[in-house]
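Student: Next up is a structure, given as structure tokens.
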Amino acid sequence: MITPDWCPGCGDYGILTALKMALKELGIPPEKSVVVSGIGCSAKTVHYIDAYGVHTLHGRPLAIAQGIKLANPDLNVVAVAGDGDALGIGAGHFVGAGRRNVDLLYLVFDNEVYGMTKGQASPTLALGARPKSLPRPNIQGKVNPLLMALAAGFTFIARGFAFDVQGLKTLIKKGIEHQGLAIIDVLQPCPTYNDLHTRAYYAERTYDLAETGYDPELPAEADAALVASKMASFTAKALEWEPRIPVGIFWQQRLPTFEARLAELDPNYTRLPPAKRPASRDLGPLLAEHRL
Ligand code: SF4
Ligand code: MG
């Protein structure tokens, strides 16, 4: 491990601390954990944590994280990405992953800018917003990560605040424990380039969704009317911003994971996933045996 070199006051420090605390409290040993990142300030996380780490390509952490999990389902896999990583260049993988429901956690470091390349507008910066890094107000609209996640099919959807370390730690633990694809959109101040949404801005406005009696759970037996009602509540909360910003779990439902669906097709998958099968240059018999 090396010492983090993020700017002083960066929200990334809070996210890193919360992730480390969550892994420690869940008792997941370093050799059972893999953290996968893309490109950007958030991507350095893998170098600062005592676990296996893969620093991949811009927009690709989710693709590679799914491959790792499917090759060895015994591993705890956490993918980390910036907002540009996740919702710009990686948006296709975001949607594809939602359709699969692989059992892993996606942590999105959402600071509304491309911090590593001097603060250009990211996909989560609102139309007309002008942080100090932009010469003119943003002329593109924003995407809402929570709404996108529901549309794609993520089965655990949450929002956290980087400097509410205890609260974020709890969300990360629940996201890891969830059986399926979990996302936490983390409101992450970037004091170097974004002077609109600062630590103080979020600290004054964020509140815990659970304290309002909001129930994120979609029961397995939900009929169409209940699904519609839950989606309406979810949408209202996902869009709420001023004067208060909700954080917590917005959506959770239990659906078979992609791994469970693979196991139905291939009886050997659970006992002998790809990472545990003998390596062979001769793929012919393996392909024949495991023809899907
Ligand atoms: Fe953090 Fe912004 Fe500095 Fe990147 S540029 S390390 S996101 S404060
Ligand atoms: Mg960013």
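Starting from 1 in every chain, residues are counted up; chains themselves are A, B, ... following the order of the structure tokens, and ligands are numbered from 1 as listed.
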Can you pull out every residue with an atom within 7 Å of ligand 2? Use only C-alpha atoms and all ligand atoms and format it as a list of chain:residue names.

Tutor: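 Checked against 7 Å with only C-alpha atoms and all ligand atoms; the hits are A:Gly82, A:Asp83, A:Gly84, A:Phe109, A:Asp110, A:Asn111, A:Glu112, A:Val113, A:Tyr114, A:Gly115, A:Ser122.
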
Student: Take the residues from that selection and put them in a file with all heavy atoms, as a PDB file, in the first residue's frame.

Tutor:
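And here is the file that came out, part.pdb:
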```
ATOM      1  N   GLY A  82     -15.383   6.705 -11.033  1.00  0.00           N
ATOM      2  CA  GLY A  82     -15.850   8.084 -10.970  1.00  0.00           C
ATOM      3  C   GLY A  82     -17.166   8.191 -11.724  1.00  0.00           C
ATOM      4  O   GLY A  82     -17.624   7.243 -12.357  1.00  0.00           O
ATOM      5  N   ASP A  83     -17.763   9.382 -11.657  1.00  0.00           N
ATOM      6  CA  ASP A  83     -19.040   9.568 -12.348  1.00  0.00           C
ATOM      7  C   ASP A  83     -18.857   9.526 -13.865  1.00  0.00           C
ATOM      8  O   ASP A  83     -19.728   9.043 -14.592  1.00  0.00           O
ATOM      9  CB  ASP A  83     -19.721  10.878 -11.908  1.00  0.00           C
ATOM     10  CG  ASP A  83     -18.733  11.989 -11.637  1.00  0.00           C
ATOM     11  OD1 ASP A  83     -17.580  11.894 -12.090  1.00  0.00           O
ATOM     12  OD2 ASP A  83     -19.116  12.959 -10.976  1.00  0.00           O
ATOM     13  N   GLY A  84     -17.726  10.025 -14.359  1.00  0.00           N
ATOM     14  CA  GLY A  84     -17.463   9.941 -15.794  1.00  0.00           C
ATOM     15  C   GLY A  84     -17.227   8.507 -16.211  1.00  0.00           C
ATOM     16  O   GLY A  84     -17.775   8.015 -17.209  1.00  0.00           O
ATOM     17  N   PHE A 109     -17.963   7.334  -7.268  1.00  0.00           N
ATOM     18  CA  PHE A 109     -17.448   8.555  -6.638  1.00  0.00           C
ATOM     19  C   PHE A 109     -17.983   9.730  -7.462  1.00  0.00           C
ATOM     20  O   PHE A 109     -17.443  10.067  -8.510  1.00  0.00           O
ATOM     21  CB  PHE A 109     -15.911   8.576  -6.664  1.00  0.00           C
ATOM     22  CG  PHE A 109     -15.215   7.538  -5.814  1.00  0.00           C
ATOM     23  CD1 PHE A 109     -15.667   6.232  -5.724  1.00  0.00           C
ATOM     24  CD2 PHE A 109     -14.055   7.870  -5.122  1.00  0.00           C
ATOM     25  CE1 PHE A 109     -15.002   5.286  -4.953  1.00  0.00           C
ATOM     26  CE2 PHE A 109     -13.379   6.936  -4.347  1.00  0.00           C
ATOM     27  CZ  PHE A 109     -13.852   5.639  -4.263  1.00  0.00           C
ATOM     28  N   ASP A 110     -19.050  10.351  -6.973  1.00  0.00           N
ATOM     29  CA  ASP A 110     -19.804  11.315  -7.775  1.00  0.00           C
ATOM     30  C   ASP A 110     -19.493  12.753  -7.348  1.00  0.00           C
ATOM     31  O   ASP A 110     -20.062  13.267  -6.391  1.00  0.00           O
ATOM     32  CB  ASP A 110     -21.306  11.004  -7.611  1.00  0.00           C
ATOM     33  CG  ASP A 110     -22.185  11.862  -8.485  1.00  0.00           C
ATOM     34  OD1 ASP A 110     -21.670  12.771  -9.147  1.00  0.00           O
ATOM     35  OD2 ASP A 110     -23.404  11.616  -8.489  1.00  0.00           O
ATOM     36  N   ASN A 111     -18.573  13.394  -8.080  1.00  0.00           N
ATOM     37  CA  ASN A 111     -18.202  14.788  -7.749  1.00  0.00           C
ATOM     38  C   ASN A 111     -18.593  15.757  -8.852  1.00  0.00           C
ATOM     39  O   ASN A 111     -18.225  16.926  -8.807  1.00  0.00           O
ATOM     40  CB  ASN A 111     -16.702  14.884  -7.435  1.00  0.00           C
ATOM     41  CG  ASN A 111     -15.844  14.383  -8.584  1.00  0.00           C
ATOM     42  OD1 ASN A 111     -16.322  14.226  -9.710  1.00  0.00           O
ATOM     43  ND2 ASN A 111     -14.585  14.135  -8.314  1.00  0.00           N
ATOM     44  N   GLU A 112     -19.293  15.282  -9.871  1.00  0.00           N
ATOM     45  CA  GLU A 112     -19.860  16.104 -10.957  1.00  0.00           C
ATOM     46  C   GLU A 112     -18.817  16.682 -11.910  1.00  0.00           C
ATOM     47  O   GLU A 112     -19.159  17.488 -12.779  1.00  0.00           O
ATOM     48  CB  GLU A 112     -20.723  17.247 -10.393  1.00  0.00           C
ATOM     49  CG  GLU A 112     -21.801  16.751  -9.432  1.00  0.00           C
ATOM     50  CD  GLU A 112     -22.539  17.889  -8.746  1.00  0.00           C
ATOM     51  OE1 GLU A 112     -21.900  18.889  -8.373  1.00  0.00           O
ATOM     52  OE2 GLU A 112     -23.763  17.778  -8.598  1.00  0.00           O
ATOM     53  N   VAL A 113     -17.567  16.292 -11.732  1.00  0.00           N
ATOM     54  CA  VAL A 113     -16.507  16.787 -12.632  1.00  0.00           C
ATOM     55  C   VAL A 113     -15.525  15.654 -12.952  1.00  0.00           C
ATOM     56  O   VAL A 113     -15.499  14.632 -12.266  1.00  0.00           O
ATOM     57  CB  VAL A 113     -15.703  17.949 -11.995  1.00  0.00           C
ATOM     58  CG1 VAL A 113     -16.558  19.186 -11.836  1.00  0.00           C
ATOM     59  CG2 VAL A 113     -15.083  17.530 -10.666  1.00  0.00           C
ATOM     60  N   TYR A 114     -14.735  15.853 -13.992  1.00  0.00           N
ATOM     61  CA  TYR A 114     -13.605  14.962 -14.272  1.00  0.00           C
ATOM     62  C   TYR A 114     -12.405  15.573 -13.545  1.00  0.00           C
ATOM     63  O   TYR A 114     -11.684  16.424 -14.084  1.00  0.00           O
ATOM     64  CB  TYR A 114     -13.340  14.903 -15.781  1.00  0.00           C
ATOM     65  CG  TYR A 114     -14.381  14.115 -16.565  1.00  0.00           C
ATOM     66  CD1 TYR A 114     -15.523  14.728 -17.070  1.00  0.00           C
ATOM     67  CD2 TYR A 114     -14.203  12.757 -16.818  1.00  0.00           C
ATOM     68  CE1 TYR A 114     -16.467  14.003 -17.785  1.00  0.00           C
ATOM     69  CE2 TYR A 114     -15.141  12.027 -17.535  1.00  0.00           C
ATOM     70  CZ  TYR A 114     -16.273  12.656 -18.018  1.00  0.00           C
ATOM     71  OH  TYR A 114     -17.200  11.938 -18.727  1.00  0.00           O
ATOM     72  N   GLY A 115     -12.211  15.159 -12.278  1.00  0.00           N
ATOM     73  CA  GLY A 115     -11.205  15.795 -11.431  1.00  0.00           C
ATOM     74  C   GLY A 115      -9.791  15.621 -11.950  1.00  0.00           C
ATOM     75  O   GLY A 115      -8.998  16.563 -11.950  1.00  0.00           O
ATOM     76  N   SER A 122     -18.890  16.524 -15.798  1.00  0.00           N
ATOM     77  CA  SER A 122     -19.142  15.084 -15.933  1.00  0.00           C
ATOM     78  C   SER A 122     -20.640  14.874 -16.181  1.00  0.00           C
ATOM     79  O   SER A 122     -21.425  15.824 -16.137  1.00  0.00           O
ATOM     80  CB  SER A 122     -18.699  14.356 -14.658  1.00  0.00           C
ATOM     81  OG  SER A 122     -19.794  14.242 -13.770  1.00  0.00           O
TER      82      SER A 122
END
```

Student: Around ligand 1, which protein and nucleic acid residues have at least one atom no more than 6 Å from it, if we count only C-alpha atoms and all ligand atoms? List them as a PyMOL selection string.

Tutor: chain A and resi 6-7+10+41+115-116+190-193

Student: When you look at A:Ser233 with a cut-off of 12 Å (counting only C-alpha atoms), what residues show up, excluding the ones that are within fewer than 5 positions of it in the same chain? I need them as a PyMOL selection string.

Tutor: chain A and resi 147+209+213-218+226-228+238-240+250-251

Student: Nearest residue to A:Asn138 out of A:Gln166, A:Asn101, A:Gln120, A:Asn76, using only C-alpha atoms?

Tutor: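 Once distances to A:Asn138 are computed over only C-alpha atoms, the minimum belongs to A:Gln120.
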
Student: Under the rule that only C-alpha atoms are counted, which of A:Gly11, A:Pro4, A:Gly92, A:Gly67 is the nearest residue to A:Ala200?

Tutor: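 Between A:Gly11, A:Pro4, A:Gly92, A:Gly67, the residue approaching A:Ala200 most closely is A:Gly11.
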
Student: Which distance in Å separates atom CA of A:Ile2 and atom CA of A:Ile49, to one decimal?

Tutor: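 Atom CA of A:Ile49 lies 8.6 Å from atom CA of A:Ile2.
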
Student: Excluding A:Ser42 and any residue of its chain fewer than 2 positions from it, enumerate the residues within 7 Å of it, using only C-alpha atoms, and give them as a PyMOL selection string.

Tutor: chain A and resi 12+40+44-45+80-82+109

Student: Taking the backbone alone, and naming residues the way the document does, which bits of stretch 103-199 of chain A are strand (DSSP E) by DSSP, as a list in words?

Tutor: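 Of stretch 103-199 of chain A, the ones in strand (DSSP E) are Leu104, Leu105, Tyr106, Leu107, Val108, Phe109, Asp110, Val113, Tyr114, Gln120, Ala121, Phe156, Ile157, Ala158, Arg159, Gly160, Phe161, Leu181, Ala182, Ile183, Ile184, Asp185, Val186 and Leu187 of chain A.
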
Student: Mind dumping the selected residues with N, CA and C atoms as a PDB file, in the first residue's frame?

Tutor:
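Saved the output as out20.pdb:
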```
ATOM      1  N   LEU A 104     -22.065  -8.196  -6.876  1.00  0.00           N
ATOM      2  CA  LEU A 104     -20.919  -7.349  -6.536  1.00  0.00           C
ATOM      3  C   LEU A 104     -21.409  -5.944  -6.188  1.00  0.00           C
ATOM      4  N   LEU A 105     -20.505  -5.135  -5.649  1.00  0.00           N
ATOM      5  CA  LEU A 105     -20.843  -3.760  -5.262  1.00  0.00           C
ATOM      6  C   LEU A 105     -20.132  -2.767  -6.177  1.00  0.00           C
ATOM      7  N   TYR A 106     -20.900  -1.802  -6.661  1.00  0.00           N
ATOM      8  CA  TYR A 106     -20.350  -0.725  -7.510  1.00  0.00           C
ATOM      9  C   TYR A 106     -20.405   0.573  -6.721  1.00  0.00           C
ATOM     10  N   LEU A 107     -19.246   1.134  -6.425  1.00  0.00           N
ATOM     11  CA  LEU A 107     -19.165   2.394  -5.667  1.00  0.00           C
ATOM     12  C   LEU A 107     -18.834   3.513  -6.646  1.00  0.00           C
ATOM     13  N   VAL A 108     -19.760   4.458  -6.801  1.00  0.00           N
ATOM     14  CA  VAL A 108     -19.536   5.553  -7.748  1.00  0.00           C
ATOM     15  C   VAL A 108     -19.143   6.815  -6.980  1.00  0.00           C
ATOM     16  N   PHE A 109     -17.963   7.334  -7.268  1.00  0.00           N
ATOM     17  CA  PHE A 109     -17.448   8.555  -6.638  1.00  0.00           C
ATOM     18  C   PHE A 109     -17.983   9.730  -7.462  1.00  0.00           C
ATOM     19  N   ASP A 110     -19.050  10.351  -6.973  1.00  0.00           N
ATOM     20  CA  ASP A 110     -19.804  11.315  -7.775  1.00  0.00           C
ATOM     21  C   ASP A 110     -19.493  12.753  -7.348  1.00  0.00           C
ATOM     22  N   VAL A 113     -17.567  16.292 -11.732  1.00  0.00           N
ATOM     23  CA  VAL A 113     -16.507  16.787 -12.632  1.00  0.00           C
ATOM     24  C   VAL A 113     -15.525  15.654 -12.952  1.00  0.00           C
ATOM     25  N   TYR A 114     -14.735  15.853 -13.992  1.00  0.00           N
ATOM     26  CA  TYR A 114     -13.605  14.962 -14.272  1.00  0.00           C
ATOM     27  C   TYR A 114     -12.405  15.573 -13.545  1.00  0.00           C
ATOM     28  N   GLN A 120     -13.473  19.175 -15.965  1.00  0.00           N
ATOM     29  CA  GLN A 120     -14.531  19.319 -16.973  1.00  0.00           C
ATOM     30  C   GLN A 120     -15.852  18.749 -16.442  1.00  0.00           C
ATOM     31  N   ALA A 121     -16.964  19.170 -17.072  1.00  0.00           N
ATOM     32  CA  ALA A 121     -18.290  18.719 -16.623  1.00  0.00           C
ATOM     33  C   ALA A 121     -18.445  17.217 -16.833  1.00  0.00           C
ATOM     34  N   PHE A 156     -29.995  -3.351  -5.777  1.00  0.00           N
ATOM     35  CA  PHE A 156     -29.742  -2.602  -4.533  1.00  0.00           C
ATOM     36  C   PHE A 156     -29.237  -1.239  -4.974  1.00  0.00           C
ATOM     37  N   ILE A 157     -29.956  -0.191  -4.590  1.00  0.00           N
ATOM     38  CA  ILE A 157     -29.600   1.157  -5.061  1.00  0.00           C
ATOM     39  C   ILE A 157     -29.568   2.086  -3.849  1.00  0.00           C
ATOM     40  N   ALA A 158     -28.419   2.727  -3.644  1.00  0.00           N
ATOM     41  CA  ALA A 158     -28.267   3.589  -2.464  1.00  0.00           C
ATOM     42  C   ALA A 158     -27.493   4.843  -2.829  1.00  0.00           C
ATOM     43  N   ARG A 159     -27.612   5.847  -1.955  1.00  0.00           N
ATOM     44  CA  ARG A 159     -26.791   7.055  -2.085  1.00  0.00           C
ATOM     45  C   ARG A 159     -26.156   7.332  -0.728  1.00  0.00           C
ATOM     46  N   GLY A 160     -24.874   7.694  -0.736  1.00  0.00           N
ATOM     47  CA  GLY A 160     -24.179   8.037   0.501  1.00  0.00           C
ATOM     48  C   GLY A 160     -23.475   9.372   0.359  1.00  0.00           C
ATOM     49  N   PHE A 161     -22.919   9.843   1.454  1.00  0.00           N
ATOM     50  CA  PHE A 161     -22.146  11.093   1.469  1.00  0.00           C
ATOM     51  C   PHE A 161     -20.754  10.742   1.975  1.00  0.00           C
ATOM     52  N   LEU A 181     -26.487  -7.312  -7.744  1.00  0.00           N
ATOM     53  CA  LEU A 181     -25.737  -6.119  -8.142  1.00  0.00           C
ATOM     54  C   LEU A 181     -26.175  -4.896  -7.342  1.00  0.00           C
ATOM     55  N   ALA A 182     -25.235  -4.333  -6.592  1.00  0.00           N
ATOM     56  CA  ALA A 182     -25.523  -3.186  -5.729  1.00  0.00           C
ATOM     57  C   ALA A 182     -24.757  -1.970  -6.220  1.00  0.00           C
ATOM     58  N   ILE A 183     -25.396  -0.817  -6.124  1.00  0.00           N
ATOM     59  CA  ILE A 183     -24.694   0.433  -6.444  1.00  0.00           C
ATOM     60  C   ILE A 183     -24.896   1.420  -5.301  1.00  0.00           C
ATOM     61  N   ILE A 184     -23.816   2.133  -4.974  1.00  0.00           N
ATOM     62  CA  ILE A 184     -23.935   3.273  -4.061  1.00  0.00           C
ATOM     63  C   ILE A 184     -23.366   4.490  -4.785  1.00  0.00           C
ATOM     64  N   ASP A 185     -24.219   5.470  -5.042  1.00  0.00           N
ATOM     65  CA  ASP A 185     -23.785   6.736  -5.620  1.00  0.00           C
ATOM     66  C   ASP A 185     -23.323   7.602  -4.453  1.00  0.00           C
ATOM     67  N   VAL A 186     -22.027   7.890  -4.409  1.00  0.00           N
ATOM     68  CA  VAL A 186     -21.488   8.614  -3.254  1.00  0.00           C
ATOM     69  C   VAL A 186     -21.270  10.088  -3.610  1.00  0.00           C
ATOM     70  N   LEU A 187     -21.955  10.974  -2.902  1.00  0.00           N
ATOM     71  CA  LEU A 187     -21.776  12.411  -3.081  1.00  0.00           C
ATOM     72  C   LEU A 187     -20.391  12.756  -2.539  1.00  0.00           C
TER      73      LEU A 187
END
```

Student: Which residues in stretch 39-285 of chain A does DSSP call alpha helix (DSSP H)? List them as an NGL selection string.

Tutor: :A and (61-71 or 83-84 or 91-100 or 145-152 or 165-177 or 199-205 or 224-239 or 258-265 or 283-285)

Student: Which polymer residues have any atom within 8 Å of an atom of A:Val46, counting only C-alpha atoms, with same-chain residues fewer than 4 positions away left out, as a list in words?

Tutor: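 Counting only the stated atoms, we get Val35, Val36, Ser37, Ala51, Tyr52, Gly53, Val54 and His55 of chain A.
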
Student: Atoms to include: C-alpha atoms. Write the selected residues as a PDB file, in the first residue's frame.

Tutor:
```pdb
ATOM      1  CA  VAL A  35     -11.183  -3.931  -5.691  1.00  0.00           C
ATOM      2  CA  VAL A  36     -11.399  -2.960  -9.355  1.00  0.00           C
ATOM      3  CA  SER A  37     -11.096   0.620 -10.632  1.00  0.00           C
ATOM      4  CA  ALA A  51      -6.747  -6.338  -0.922  1.00  0.00           C
ATOM      5  CA  TYR A  52      -6.241  -7.554  -4.456  1.00  0.00           C
ATOM      6  CA  GLY A  53      -6.570  -4.570  -6.765  1.00  0.00           C
ATOM      7  CA  VAL A  54      -6.930  -4.107 -10.496  1.00  0.00           C
ATOM      8  CA  HIS A  55      -6.530  -0.601 -11.967  1.00  0.00           C
TER       9      HIS A  55
END
```

Student: Would you please work out which residue, of A:Ala79, A:Leu16, A:Leu62, A:Ile68, is nearest to A:Pro273 when using only C-alpha atoms?

Tutor: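 That would be A:Ile68, the residue with the smallest distance to A:Pro273.
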
Student: Mind pulling up the distance from atom CA of A:Ala91 to atom CA of A:Lys32?

Tutor: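 Value for the atom CA of A:Lys32-atom CA of A:Ala91 distance: 27.9 Å.
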